[in-house]
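Coordinates from query-v2.cif are shown below (mmCIF, C-alpha atoms).
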data_coords
#
loop_
_atom_site.label_atom_id
_atom_site.label_comp_id
_atom_site.auth_asym_id
_atom_site.auth_seq_id
_atom_site.Cartn_x
_atom_site.Cartn_y
_atom_site.Cartn_z
CA MET W 1 381.62 81.32 176.19
CA SER W 2 382.51 82.22 179.77
CA SER W 3 382.42 79.58 182.48
CA LYS W 4 379.90 79.89 185.30
CA THR W 5 382.60 81.03 187.73
CA GLU W 6 383.79 83.69 185.32
CA THR W 7 380.23 84.83 184.75
CA GLN W 8 379.78 85.26 188.48
CA LEU W 9 382.80 87.53 188.59
CA LEU W 10 381.95 89.49 185.47
CA ASN W 11 378.32 90.30 186.02
CA ARG W 12 378.29 92.00 189.40
CA SER W 13 378.34 95.64 188.30
CA VAL W 14 374.88 96.77 187.19
CA LEU W 15 373.87 100.23 185.97
CA ILE W 16 370.22 101.09 186.65
CA SER W 17 368.66 104.01 184.80
CA GLY W 18 365.92 105.68 186.85
CA ALA W 19 365.47 106.25 190.59
CA GLY W 20 361.72 105.67 190.71
CA SER W 21 360.03 102.71 192.36
CA ALA W 22 361.39 100.25 189.80
CA GLY W 23 364.98 101.50 189.91
CA GLN W 24 365.26 101.83 193.66
CA SER W 25 363.63 98.44 194.23
CA VAL W 26 365.89 96.55 191.86
CA GLY W 27 368.89 98.38 193.31
CA TYR W 28 367.91 97.24 196.80
CA TRP W 29 367.54 93.59 195.82
CA LEU W 30 370.70 93.47 193.72
CA ARG W 31 372.75 94.90 196.57
CA ARG W 32 371.17 92.45 199.00
CA TYR W 33 372.19 89.59 196.72
CA GLY W 34 375.80 90.73 196.44
CA PHE W 35 375.76 92.68 193.20
CA GLU W 36 377.19 96.19 192.80
CA PRO W 37 374.36 98.45 191.57
CA THR W 38 374.69 102.04 190.41
CA VAL W 39 371.52 104.11 189.93
CA VAL W 40 371.61 107.11 187.58
CA GLU W 41 368.73 109.60 187.65
CA ARG W 42 368.17 112.62 185.42
CA SER W 43 366.47 114.61 188.22
CA PRO W 44 368.56 116.28 190.94
CA GLY W 45 367.03 113.92 193.52
CA PRO W 46 364.45 111.15 193.86
CA ARG W 47 361.33 112.01 191.86
CA LYS W 48 358.37 113.29 193.85
CA GLY W 49 354.75 114.24 193.18
CA GLY W 50 351.90 112.45 191.44
CA PHE W 51 349.08 110.45 192.98
CA ALA W 52 349.22 108.24 195.98
CA ILE W 53 350.20 104.79 194.78
CA ASP W 54 348.81 101.38 195.64
CA LEU W 55 350.77 98.32 196.64
CA ARG W 56 348.43 95.43 195.98
CA GLY W 57 348.65 91.66 196.14
CA ALA W 58 352.12 90.44 195.18
CA ALA W 59 353.59 93.93 195.58
CA VAL W 60 352.60 93.93 199.26
CA GLU W 61 354.49 90.66 199.67
CA VAL W 62 357.56 92.23 198.06
CA ALA W 63 357.35 95.24 200.39
CA ASP W 64 357.15 92.84 203.34
CA ARG W 65 360.26 90.98 202.18
CA MET W 66 362.04 94.32 201.78
CA GLY W 67 361.22 95.20 205.37
CA ILE W 68 359.27 98.37 204.50
CA LEU W 69 355.69 97.11 204.83
CA GLU W 70 355.25 98.26 208.43
CA ALA W 71 356.49 101.73 207.50
CA CYS W 72 354.12 101.76 204.51
CA ARG W 73 351.19 100.90 206.74
CA LYS W 74 352.10 103.68 209.17
CA ALA W 75 352.29 106.18 206.31
CA ALA W 76 349.18 104.85 204.54
CA VAL W 77 346.63 107.39 203.41
CA ASN W 78 343.74 104.99 204.14
CA MET W 79 341.40 106.39 201.52
CA ARG W 80 337.97 106.41 203.12
CA GLU W 81 335.54 106.71 200.24
CA ILE W 82 335.21 106.82 196.47
CA ARG W 83 332.26 108.64 194.92
CA ARG W 84 331.06 108.89 191.33
CA TYR W 85 329.08 111.97 190.26
CA ASN W 86 326.99 112.99 187.29
CA ALA W 87 326.93 116.36 185.49
CA GLU W 88 324.43 117.78 187.98
CA GLY W 89 326.61 116.96 190.99
CA GLU W 90 324.50 114.02 192.18
CA VAL W 91 326.25 111.04 193.76
CA ILE W 92 325.38 108.06 191.58
CA TRP W 93 327.59 105.52 193.38
CA GLN W 94 329.94 105.30 196.31
CA THR W 95 332.14 102.62 197.82
CA ASP W 96 335.18 102.06 200.03
CA GLY W 97 338.62 103.40 199.18
CA ASN W 98 339.65 100.26 197.29
CA PHE W 99 336.85 100.22 194.68
CA GLY W 100 334.70 97.96 196.80
CA ALA W 101 337.25 95.17 197.00
CA GLY W 102 338.19 95.74 200.63
CA GLU W 103 341.60 94.42 201.60
CA GLY W 104 343.42 92.28 199.07
CA VAL W 105 344.82 88.82 199.66
CA ALA W 106 347.98 90.25 201.18
CA GLY W 107 346.33 93.39 202.58
CA ASP W 108 346.58 96.32 200.15
CA VAL W 109 348.22 99.53 201.26
CA GLU W 110 348.08 103.01 199.66
CA VAL W 111 350.84 105.54 200.33
CA LEU W 112 351.88 108.84 198.84
CA ARG W 113 354.43 108.37 196.10
CA ASP W 114 356.70 110.80 197.98
CA ASP W 115 356.60 108.66 201.13
CA LEU W 116 357.31 105.43 199.23
CA THR W 117 360.20 107.10 197.39
CA ASP W 118 361.74 108.12 200.73
CA MET W 119 361.33 104.59 202.14
CA LEU W 120 362.90 102.98 199.10
CA GLN W 121 365.73 105.49 199.10
CA GLU W 122 366.46 104.80 202.77
CA SER W 123 366.33 101.03 202.25
CA ALA W 124 368.43 100.97 199.10
CA CYS W 125 371.00 103.66 199.80
CA GLU W 126 373.44 101.56 201.80
CA GLY W 127 375.75 99.94 199.29
CA VAL W 128 373.99 101.42 196.26
CA GLU W 129 375.76 104.16 194.32
CA TYR W 130 373.47 107.01 193.29
CA ILE W 131 374.23 109.51 190.54
CA PHE W 132 371.66 112.30 190.41
CA GLY W 133 371.45 115.03 187.79
CA ASP W 134 372.78 112.86 184.97
CA SER W 135 371.49 110.46 182.32
CA ILE W 136 372.66 107.81 179.89
CA LYS W 137 373.69 109.11 176.49
CA SER W 138 374.87 105.95 174.70
CA ILE W 139 375.19 102.21 175.24
CA ALA W 140 377.63 99.92 173.42
CA GLN W 141 377.70 96.28 174.52
CA ASP W 142 380.02 93.44 173.63
CA GLU W 143 380.53 89.87 174.84
CA ASP W 144 382.10 90.98 178.12
CA GLY W 145 380.26 94.13 179.17
CA VAL W 146 378.57 97.42 178.34
CA ASP W 147 380.28 100.75 177.69
CA VAL W 148 378.09 103.66 178.77
CA THR W 149 378.48 107.37 178.17
CA PHE W 150 376.61 109.98 180.18
CA ALA W 151 375.28 113.45 179.49
CA HIS W 152 377.66 114.92 182.07
CA GLY W 153 379.78 112.29 183.83
CA ALA W 154 382.78 110.37 182.53
CA PRO W 155 382.21 107.18 180.50
CA ARG W 156 382.08 103.93 182.47
CA ARG W 157 381.86 100.22 181.84
CA PHE W 158 379.34 97.90 183.49
CA ASP W 159 378.51 94.23 183.26
CA LEU W 160 374.76 94.79 182.85
CA VAL W 161 372.33 97.69 182.30
CA ILE W 162 368.72 97.82 183.54
CA GLY W 163 366.27 100.35 182.14
CA ALA W 164 363.92 101.44 184.91
CA ASP W 165 363.42 104.87 183.36
CA GLY W 166 359.71 104.88 182.69
CA LEU W 167 357.37 105.38 179.78
CA HIS W 168 359.88 107.45 177.78
CA SER W 169 362.83 105.16 178.55
CA LYS W 170 366.16 106.22 177.06
CA VAL W 171 367.58 102.76 177.69
CA ARG W 172 364.75 101.20 175.68
CA GLU W 173 365.38 103.60 172.81
CA LEU W 174 369.11 102.88 172.77
CA ALA W 175 368.86 99.10 173.09
CA PHE W 176 365.60 98.32 171.29
CA GLY W 177 364.81 101.24 168.98
CA PRO W 178 362.25 104.09 168.78
CA ALA W 179 359.40 104.04 171.27
CA ASP W 180 356.58 104.36 168.72
CA GLN W 181 356.89 100.69 167.73
CA PHE W 182 356.13 99.64 171.33
CA LYS W 183 353.48 102.18 172.29
CA ARG W 184 349.82 101.28 172.35
CA PRO W 185 348.19 104.71 172.84
CA LEU W 186 344.67 105.02 174.17
CA GLY W 187 344.04 108.36 172.49
CA LEU W 188 344.04 110.09 175.88
CA TYR W 189 346.11 112.69 177.73
CA ALA W 190 346.22 113.19 181.50
CA GLY W 191 347.29 115.93 183.88
CA ILE W 192 347.91 115.39 187.61
CA PHE W 193 348.58 118.33 189.94
CA THR W 194 348.31 119.49 193.54
CA ILE W 195 345.29 121.68 194.34
CA PRO W 196 343.83 123.42 197.41
CA ASN W 197 341.27 121.34 199.30
CA THR W 198 338.47 123.79 198.51
CA LEU W 199 335.78 121.10 198.78
CA LYS W 200 336.90 120.22 202.34
CA LEU W 201 337.38 116.55 201.50
CA ASP W 202 338.69 114.03 204.01
CA ARG W 203 340.40 111.04 202.41
CA GLN W 204 337.86 111.01 199.62
CA TRP W 205 338.11 110.44 195.89
CA LEU W 206 335.47 112.19 193.78
CA MET W 207 335.31 111.24 190.12
CA ARG W 208 333.19 111.81 187.09
CA GLN W 209 333.21 110.53 183.53
CA MET W 210 332.07 112.53 180.52
CA PRO W 211 332.20 111.83 176.78
CA GLY W 212 335.91 111.54 176.03
CA LYS W 213 336.88 112.95 179.42
CA MET W 214 337.32 112.09 183.07
CA ILE W 215 337.96 114.25 186.16
CA SER W 216 338.97 113.41 189.73
CA ASN W 217 339.45 115.38 192.94
CA ILE W 218 341.37 113.33 195.50
CA ASP W 219 342.26 114.20 199.08
CA TYR W 220 344.74 112.04 200.97
CA GLY W 221 343.96 113.30 204.47
CA PRO W 222 345.17 115.86 207.03
CA GLY W 223 348.77 116.91 206.49
CA LYS W 224 348.89 115.23 203.08
CA HIS W 225 348.05 116.41 199.58
CA THR W 226 344.90 117.07 197.59
CA ARG W 227 345.38 116.39 193.91
CA GLY W 228 343.39 116.84 190.75
CA LEU W 229 343.24 114.70 187.63
CA LEU W 230 342.06 115.82 184.20
CA VAL W 231 341.87 113.28 181.36
CA PHE W 232 340.71 114.01 177.82
CA SER W 233 340.70 112.30 174.44
CA SER W 234 342.69 113.80 171.59
CA PRO W 235 344.57 112.98 168.42
CA PRO W 236 348.35 112.87 168.97
CA LEU W 237 349.68 116.12 170.44
CA ASP W 238 353.11 117.63 170.00
CA PHE W 239 354.11 119.49 173.16
CA ASP W 240 357.20 120.61 175.02
CA ARG W 241 357.69 118.33 178.06
CA GLY W 242 359.61 121.09 179.79
CA ASP W 243 357.06 123.88 179.31
CA LEU W 244 354.68 123.78 182.28
CA GLU W 245 352.58 126.74 181.16
CA ALA W 246 352.10 125.32 177.66
CA GLN W 247 350.89 122.05 179.17
CA LYS W 248 348.47 123.92 181.43
CA ALA W 249 347.12 125.71 178.37
CA ILE W 250 346.49 122.39 176.59
CA LEU W 251 344.50 121.10 179.56
CA ALA W 252 342.57 124.35 179.99
CA LYS W 253 341.64 124.40 176.30
CA ALA W 254 340.40 120.80 176.44
CA PHE W 255 337.93 121.70 179.21
CA ASP W 256 337.21 125.29 178.15
CA GLY W 257 333.55 126.25 178.45
CA ASP W 258 332.55 123.20 180.48
CA THR W 259 330.41 124.48 183.35
CA THR W 260 329.23 121.08 184.58
CA TRP W 261 329.96 119.74 188.06
CA GLY W 262 333.56 119.58 189.22
CA VAL W 263 335.35 121.03 186.23
CA GLN W 264 335.88 124.63 187.35
CA THR W 265 337.26 123.60 190.75
CA LEU W 266 339.98 121.63 189.02
CA LEU W 267 340.73 124.33 186.44
CA ASP W 268 341.11 126.88 189.24
CA GLY W 269 343.56 124.54 190.95
CA LEU W 270 345.42 123.90 187.71
CA ARG W 271 345.96 127.62 187.19
CA ILE W 272 348.02 127.97 190.38
CA SER W 273 349.67 124.54 190.40
CA THR W 274 353.45 124.24 190.29
CA ASP W 275 353.86 120.46 190.02
CA LEU W 276 351.81 119.45 186.99
CA TYR W 277 352.60 116.06 185.48
CA PHE W 278 351.19 115.94 181.94
CA ASP W 279 351.59 113.11 179.45
CA GLU W 280 349.89 110.85 176.96
CA VAL W 281 348.08 107.78 178.27
CA THR W 282 349.70 104.81 176.58
CA GLN W 283 350.73 101.27 177.30
CA ILE W 284 354.04 99.69 176.35
CA HIS W 285 353.95 96.26 174.67
CA MET W 286 357.26 94.69 173.69
CA PRO W 287 358.06 91.32 172.08
CA ARG W 288 360.94 90.91 174.54
CA TRP W 289 362.24 92.74 177.61
CA SER W 290 365.95 92.11 177.16
CA ASN W 291 368.56 92.55 174.48
CA GLY W 292 371.94 91.07 175.28
CA ARG W 293 373.17 92.55 178.55
CA VAL W 294 370.35 95.11 178.74
CA ALA W 295 366.96 94.46 180.40
CA LEU W 296 363.88 96.57 181.13
CA ILE W 297 361.52 96.70 184.10
CA GLY W 298 358.46 98.72 185.14
CA ASP W 299 356.90 101.20 182.73
CA ALA W 300 359.90 100.94 180.42
CA ALA W 301 358.96 97.31 179.72
CA SER W 302 355.23 97.04 180.31
CA ALA W 303 353.51 100.29 181.26
CA PRO W 304 349.85 99.59 182.12
CA THR W 305 349.00 103.36 182.29
CA LEU W 306 348.20 105.42 185.37
CA LEU W 307 344.49 104.70 184.89
CA THR W 308 344.96 101.10 186.10
CA GLY W 309 346.56 102.17 189.39
CA GLN W 310 348.93 99.22 189.01
CA GLY W 311 352.09 100.84 187.66
CA THR W 312 353.98 100.88 190.97
CA SER W 313 352.93 97.35 191.91
CA LEU W 314 354.18 96.12 188.53
CA ALA W 315 357.44 97.99 189.00
CA VAL W 316 358.34 96.58 192.42
CA VAL W 317 357.30 93.03 191.49
CA GLU W 318 359.27 93.03 188.23
CA ALA W 319 362.27 94.46 190.09
CA TYR W 320 362.05 91.67 192.66
CA VAL W 321 361.80 88.94 190.04
CA LEU W 322 364.62 90.27 187.84
CA ALA W 323 367.05 90.65 190.74
CA GLY W 324 366.01 87.29 192.16
CA GLU W 325 366.56 85.47 188.89
CA LEU W 326 370.01 87.05 188.55
CA LYS W 327 370.83 85.72 192.01
CA ALA W 328 369.41 82.28 191.22
CA ALA W 329 371.47 82.12 188.02
CA ASP W 330 374.64 83.25 189.81
CA GLY W 331 374.82 86.26 187.55
CA ASP W 332 374.31 84.41 184.26
CA TYR W 333 372.23 87.13 182.62
CA GLN W 334 371.13 85.00 179.66
CA ILE W 335 369.43 82.48 181.95
CA ALA W 336 368.21 85.15 184.37
CA PHE W 337 366.64 87.48 181.81
CA ALA W 338 364.76 84.61 180.16
CA ARG W 339 363.43 83.34 183.51
CA TYR W 340 362.50 86.85 184.60
CA GLU W 341 360.36 87.40 181.53
CA GLU W 342 358.81 83.94 181.79
CA GLN W 343 357.77 84.70 185.38
CA ALA W 344 356.70 88.33 185.08
CA ARG W 345 355.22 88.75 181.60
CA PRO W 346 351.87 86.97 182.23
CA TYR W 347 351.44 89.05 185.39
CA ALA W 348 352.19 92.29 183.53
CA GLU W 349 349.87 91.43 180.66
CA GLN W 350 346.96 90.66 183.00
CA ASN W 351 347.44 94.04 184.68
CA GLN W 352 347.48 95.75 181.29
CA ARG W 353 344.16 94.07 180.44
CA ILE W 354 342.43 95.93 183.29
CA LEU W 355 341.71 98.78 180.88
CA THR W 356 340.39 96.58 178.08
CA ASP W 357 338.46 94.06 180.20
CA CYS W 358 336.99 96.38 182.84
CA PRO W 359 334.59 99.03 181.47
CA GLU W 360 334.63 101.01 184.73
CA MET W 361 338.30 101.89 184.22
CA SER W 362 337.97 103.17 180.64
CA VAL W 363 336.92 106.63 179.50
CA PRO W 364 333.52 106.54 177.72
CA ALA W 365 333.56 107.91 174.19
CA THR W 366 329.94 109.07 173.81
CA LYS W 367 327.08 110.54 175.88
CA GLU W 368 325.11 107.33 175.33
CA GLU W 369 327.94 105.34 176.84
CA VAL W 370 328.11 107.75 179.79
CA ASP W 371 324.37 107.37 180.35
CA ARG W 372 324.56 103.56 180.28
CA ARG W 373 327.46 103.56 182.71
CA GLU W 374 325.75 105.96 185.10
CA GLU W 375 322.63 103.81 185.07
CA ARG W 376 324.70 100.77 185.92
CA PHE W 377 326.25 102.58 188.86
CA ARG W 378 322.84 103.68 190.10
CA LEU W 379 321.75 100.04 190.09
CA LEU W 380 324.88 99.06 191.98
CA LYS W 381 324.24 101.82 194.51
CA ASP W 382 320.68 100.63 195.00
CA GLY W 383 321.78 97.02 195.43
CA SER W 384 319.87 95.79 192.40
CA ASN W 385 320.23 92.12 191.46
CA ALA W 386 320.19 93.20 187.83
CA VAL W 387 323.92 93.97 188.02
CA ASP W 388 326.63 91.40 188.61
CA ASP W 389 329.28 93.01 190.81
CA ASP W 390 331.84 90.29 190.02
CA ASP W 391 333.02 92.31 187.00
CA SER W 392 333.61 95.45 189.06
CA ALA W 393 336.88 97.36 188.97
CA GLY W 394 337.79 96.01 192.39
CA SER W 395 337.45 92.41 191.25
CA PHE W 396 339.47 92.97 188.08
CA ILE W 397 342.25 94.78 189.91
CA GLN W 398 342.51 92.22 192.69
CA SER W 399 342.72 89.36 190.22
CA ALA W 400 345.51 91.09 188.31
CA ALA W 401 347.36 92.15 191.47
CA ASN W 402 347.63 88.55 192.62
CA ALA W 403 348.36 86.98 189.24
CA ILE W 404 351.89 85.85 190.11
CA ARG W 405 353.37 83.44 192.63
CA LEU W 406 356.63 84.84 193.95
CA LYS W 407 359.63 82.64 194.52
CA ASP W 408 361.62 82.90 197.73
CA TYR W 409 364.99 83.71 196.20
CA GLU W 410 366.70 83.73 199.59
CA LYS W 411 366.28 79.96 199.67
CA LEU W 412 367.51 79.33 196.12
#
Final structure tokens representation of the file:
Amino acid sequence: MSSKTETQLLNRSVLISGAGSAGQSVGYWLRRYGFEPTVVERSPGPRKGGFAIDLRGAAVEVADRMGILEACRKAAVNMREIRRYNAEGEVIWQTDGNFGAGEGVAGDVEVLRDDLTDMLQESACEGVEYIFGDSIKSIAQDEDGVDVTFAHGAPRRFDLVIGADGLHSKVRELAFGPADQFKRPLGLYAGIFTIPNTLKLDRQWLMRQMPGKMISNIDYGPGKHTRGLLVFSSPPLDFDRGDLEAQKAILAKAFDGDTTWGVQTLLDGLRISTDLYFDEVTQIHMPRWSNGRVALIGDAASAPTLLTGQGTSLAVVEAYVLAGELKAADGDYQIAFARYEEQARPYAEQNQRILTDCPEMSVPATKEEVDRREERFRLLKDGSNAVDDDDSAGSFIQSAANAIRLKDYEKL
């Protein structure tokens, strides 16, 4: 067993797989604490596209400690309104841009994923080595380190490896086994894509739920994007993740013949889109988040699904805690990984429960369920005392977003 001093010297070099919010955040904190992080990313540059993302509760506190909160607020989309519609195009409920919760405990902020990526890249780049256009091929760890081979680059040896590579994590597969044993699928598939603002929206989110389906049309304001979301239920699908047109065809077929409100606008936008993100909607539940010198963060460890809106907040908080515990343990990864999971797992699990505990966030399976939900929203809209608003989506999300007390690792 290495002494503490030797451990400090051995465990400074850290390979991070994935340059998304999780990877860039943990790279920033590790560098700040004196480690030597290297980030490898399959894409030729930082990943862009997708929805605007929310930093809520504890994640806002992390952004503040990173020194990017002011920039996030300046770039915020400030969603003005959320509306729910029925099949006839009637507004059955509307609220503020944070599901009626207003500002969170720390003051929630919503930014485009592209803007946050740029901020994280700028913050983390000094002292962090980036390798774009490459990916991990194999991992072999021993008592003193981890040998890593890459798809293109020369093999290298690191002290630790962190998988921040998302739902389909290669690091998780290599260190823990096939993904199917950790997936908890919801029987849904989702497509997100940029569309023209044909409805002339202004920082508005229009949504509708149907039996086994959900649609959204979201505008983030002047000079920003308008994006569509199509969600549908389905048995497991086998599709080529690299074939954009095949994915479009799957989505189009799922909504084919539906002439009810909102559908055709999104299908027209889908037809001309060039940035479709299409995937299954599934959570990741693992018995442990580390194996030897390898640890996981973000979606790779505890994906809550995009439907919760909490994936990015989870990623930046888990990154902060993991890096902080490595600092507090002076690089002793065995102590740090255990403390990281002890701190972050309850927070992650509460965020995952948003979909199971909050009916508003789920996709109704039947017309009867749609009708009941629409009636509830009408009562909410009318201010009826027959509905308790404490179990609203806003309340659930705020509770989960603030379900962790962050340590100040600078003082440890």
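Put simply, the PyMOL selection byres ((chain W and resi 303-311) around 8) on this file hits Ile53, Asp54, Leu55, Arg56, Gly166, Leu167, Val281, Thr282, Gln283, Ile284, His285, Gly298, Asp299, Ala300, Ala301, Ser302, Thr312, Ser313, Leu314, Ala315, Ala348, Asn351, Gln352, Ile354, Leu355, Met361, Ser362, Ile397 and Ala401 of chain W.
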Review point. Can you list, as a list of chain:residue names, every protein, DNA or RNA residue that comes within 12 Å of W:Glu129 when you count all atoms listed in the file, leaving out same-chain residues fewer than 3 positions away?
Key: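 In the requested form, the answer reads W:Ser13, W:Val14, W:Leu15, W:Ile16, W:Ser17, W:Ala19, W:Gly23, W:Gln24, W:Gly27, W:Tyr28, W:Leu30, W:Arg31, W:Phe35, W:Glu36, W:Pro37, W:Thr38, W:Val39, W:Val40, W:Glu41, W:Gln121, W:Ala124, W:Cys125, W:Glu126, W:Phe132.
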Go ahead and fit an axis-aligned box to every listed atom of stretch 16-31 of chain W plus 6 Å each side, and pass me the centre and edge lengths in Å, one decimal, as lines of an AutoDock Vina configuration file.
center_x = 366.4
center_y = 99.9
center_z = 190.8
size_x = 24.7
size_y = 24.8
size_z = 24.0
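Atom CA of W:Ala63 lies 27.2 Å from atom CA of W:Asp159.
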Using all atoms listed in the file, which residues sit within 7 Å of W:Gly187 once same-chain residues fewer than 2 positions away are excluded, as a PDB file with C-alpha atoms, in the coordinates of the input?
ATOM      1  CA  PRO W 185     348.190 104.710 172.840  1.00  0.00           C
ATOM      2  CA  SER W 233     340.700 112.300 174.440  1.00  0.00           C
ATOM      3  CA  SER W 234     342.690 113.800 171.590  1.00  0.00           C
ATOM      4  CA  PRO W 235     344.570 112.980 168.420  1.00  0.00           C
TER       5      PRO W 235
END
Review point. Between atom CA of W:Ala75 and atom CA of W:Asp96, what is the distance, to one decimal in Å?
Key: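 Separation of atom CA of W:Ala75 and atom CA of W:Asp96: 18.7 Å.
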**Study point:** atom CA of W:Glu88 to atom CA of W:Ser273, distance in Å rounded to a single decimal
**Key:** 26.2 Å
Will you give me stretch 175-195 of chain W, written with N, CA and C atoms and laid out as a PDB file, in the first residue's frame?
ATOM      1  N   ALA W 175     -15.137  -0.392 -17.827  1.00  0.00           N
ATOM      2  CA  ALA W 175     -14.792  -0.599 -16.419  1.00  0.00           C
ATOM      3  C   ALA W 175     -15.863  -1.326 -15.617  1.00  0.00           C
ATOM      4  N   PHE W 176     -17.115  -1.299 -16.106  1.00  0.00           N
ATOM      5  CA  PHE W 176     -18.207  -1.871 -15.325  1.00  0.00           C
ATOM      6  C   PHE W 176     -19.010  -2.928 -16.073  1.00  0.00           C
ATOM      7  N   GLY W 177     -18.906  -2.968 -17.401  1.00  0.00           N
ATOM      8  CA  GLY W 177     -19.641  -3.957 -18.164  1.00  0.00           C
ATOM      9  C   GLY W 177     -20.706  -3.332 -19.055  1.00  0.00           C
ATOM     10  N   PRO W 178     -21.464  -4.166 -19.784  1.00  0.00           N
ATOM     11  CA  PRO W 178     -22.474  -3.684 -20.744  1.00  0.00           C
ATOM     12  C   PRO W 178     -23.503  -2.765 -20.103  1.00  0.00           C
ATOM     13  N   ALA W 179     -23.967  -1.803 -20.893  1.00  0.00           N
ATOM     14  CA  ALA W 179     -24.868  -0.770 -20.384  1.00  0.00           C
ATOM     15  C   ALA W 179     -26.242  -1.301 -20.002  1.00  0.00           C
ATOM     16  N   ASP W 180     -26.710  -2.359 -20.654  1.00  0.00           N
ATOM     17  CA  ASP W 180     -28.078  -2.823 -20.433  1.00  0.00           C
ATOM     18  C   ASP W 180     -28.365  -3.145 -18.969  1.00  0.00           C
ATOM     19  N   GLN W 181     -27.352  -3.571 -18.229  1.00  0.00           N
ATOM     20  CA  GLN W 181     -27.571  -3.935 -16.828  1.00  0.00           C
ATOM     21  C   GLN W 181     -27.816  -2.712 -15.952  1.00  0.00           C
ATOM     22  N   PHE W 182     -27.482  -1.509 -16.456  1.00  0.00           N
ATOM     23  CA  PHE W 182     -27.633  -0.286 -15.673  1.00  0.00           C
ATOM     24  C   PHE W 182     -28.768   0.608 -16.178  1.00  0.00           C
ATOM     25  N   LYS W 183     -29.280   0.303 -17.350  1.00  0.00           N
ATOM     26  CA  LYS W 183     -30.330   1.145 -17.923  1.00  0.00           C
ATOM     27  C   LYS W 183     -31.685   0.849 -17.285  1.00  0.00           C
ATOM     28  N   ARG W 184     -32.440   1.893 -17.078  1.00  0.00           N
ATOM     29  CA  ARG W 184     -33.827   1.761 -16.662  1.00  0.00           C
ATOM     30  C   ARG W 184     -34.674   2.526 -17.686  1.00  0.00           C
ATOM     31  N   PRO W 185     -34.979   1.891 -18.811  1.00  0.00           N
ATOM     32  CA  PRO W 185     -35.688   2.586 -19.902  1.00  0.00           C
ATOM     33  C   PRO W 185     -37.119   2.926 -19.537  1.00  0.00           C
ATOM     34  N   LEU W 186     -37.594   4.031 -20.084  1.00  0.00           N
ATOM     35  CA  LEU W 186     -38.960   4.472 -19.843  1.00  0.00           C
ATOM     36  C   LEU W 186     -39.893   4.097 -20.990  1.00  0.00           C
ATOM     37  N   GLY W 187     -39.359   3.373 -21.980  1.00  0.00           N
ATOM     38  CA  GLY W 187     -40.180   2.993 -23.119  1.00  0.00           C
ATOM     39  C   GLY W 187     -40.482   4.160 -24.036  1.00  0.00           C
ATOM     40  N   LEU W 188     -39.600   5.165 -24.028  1.00  0.00           N
ATOM     41  CA  LEU W 188     -39.797   6.378 -24.817  1.00  0.00           C
ATOM     42  C   LEU W 188     -38.568   6.683 -25.660  1.00  0.00           C
ATOM     43  N   TYR W 189     -38.800   7.394 -26.764  1.00  0.00           N
ATOM     44  CA  TYR W 189     -37.723   7.930 -27.596  1.00  0.00           C
ATOM     45  C   TYR W 189     -37.989   9.418 -27.819  1.00  0.00           C
ATOM     46  N   ALA W 190     -36.915  10.192 -27.953  1.00  0.00           N
ATOM     47  CA  ALA W 190     -37.062  11.647 -28.078  1.00  0.00           C
ATOM     48  C   ALA W 190     -36.163  12.183 -29.174  1.00  0.00           C
ATOM     49  N   GLY W 191     -36.678  13.178 -29.885  1.00  0.00           N
ATOM     50  CA  GLY W 191     -35.892  13.890 -30.890  1.00  0.00           C
ATOM     51  C   GLY W 191     -35.925  15.381 -30.604  1.00  0.00           C
ATOM     52  N   ILE W 192     -34.763  16.015 -30.612  1.00  0.00           N
ATOM     53  CA  ILE W 192     -34.632  17.460 -30.396  1.00  0.00           C
ATOM     54  C   ILE W 192     -33.941  18.044 -31.615  1.00  0.00           C
ATOM     55  N   PHE W 193     -34.446  19.172 -32.135  1.00  0.00           N
ATOM     56  CA  PHE W 193     -33.888  19.720 -33.364  1.00  0.00           C
ATOM     57  C   PHE W 193     -34.255  21.191 -33.491  1.00  0.00           C
ATOM     58  N   THR W 194     -33.436  21.929 -34.219  1.00  0.00           N
ATOM     59  CA  THR W 194     -33.686  23.342 -34.469  1.00  0.00           C
ATOM     60  C   THR W 194     -34.721  23.498 -35.570  1.00  0.00           C
ATOM     61  N   ILE W 195     -35.673  24.434 -35.366  1.00  0.00           N
ATOM     62  CA  ILE W 195     -36.739  24.667 -36.340  1.00  0.00           C
ATOM     63  C   ILE W 195     -36.901  26.163 -36.581  1.00  0.00           C
TER      64      ILE W 195
END
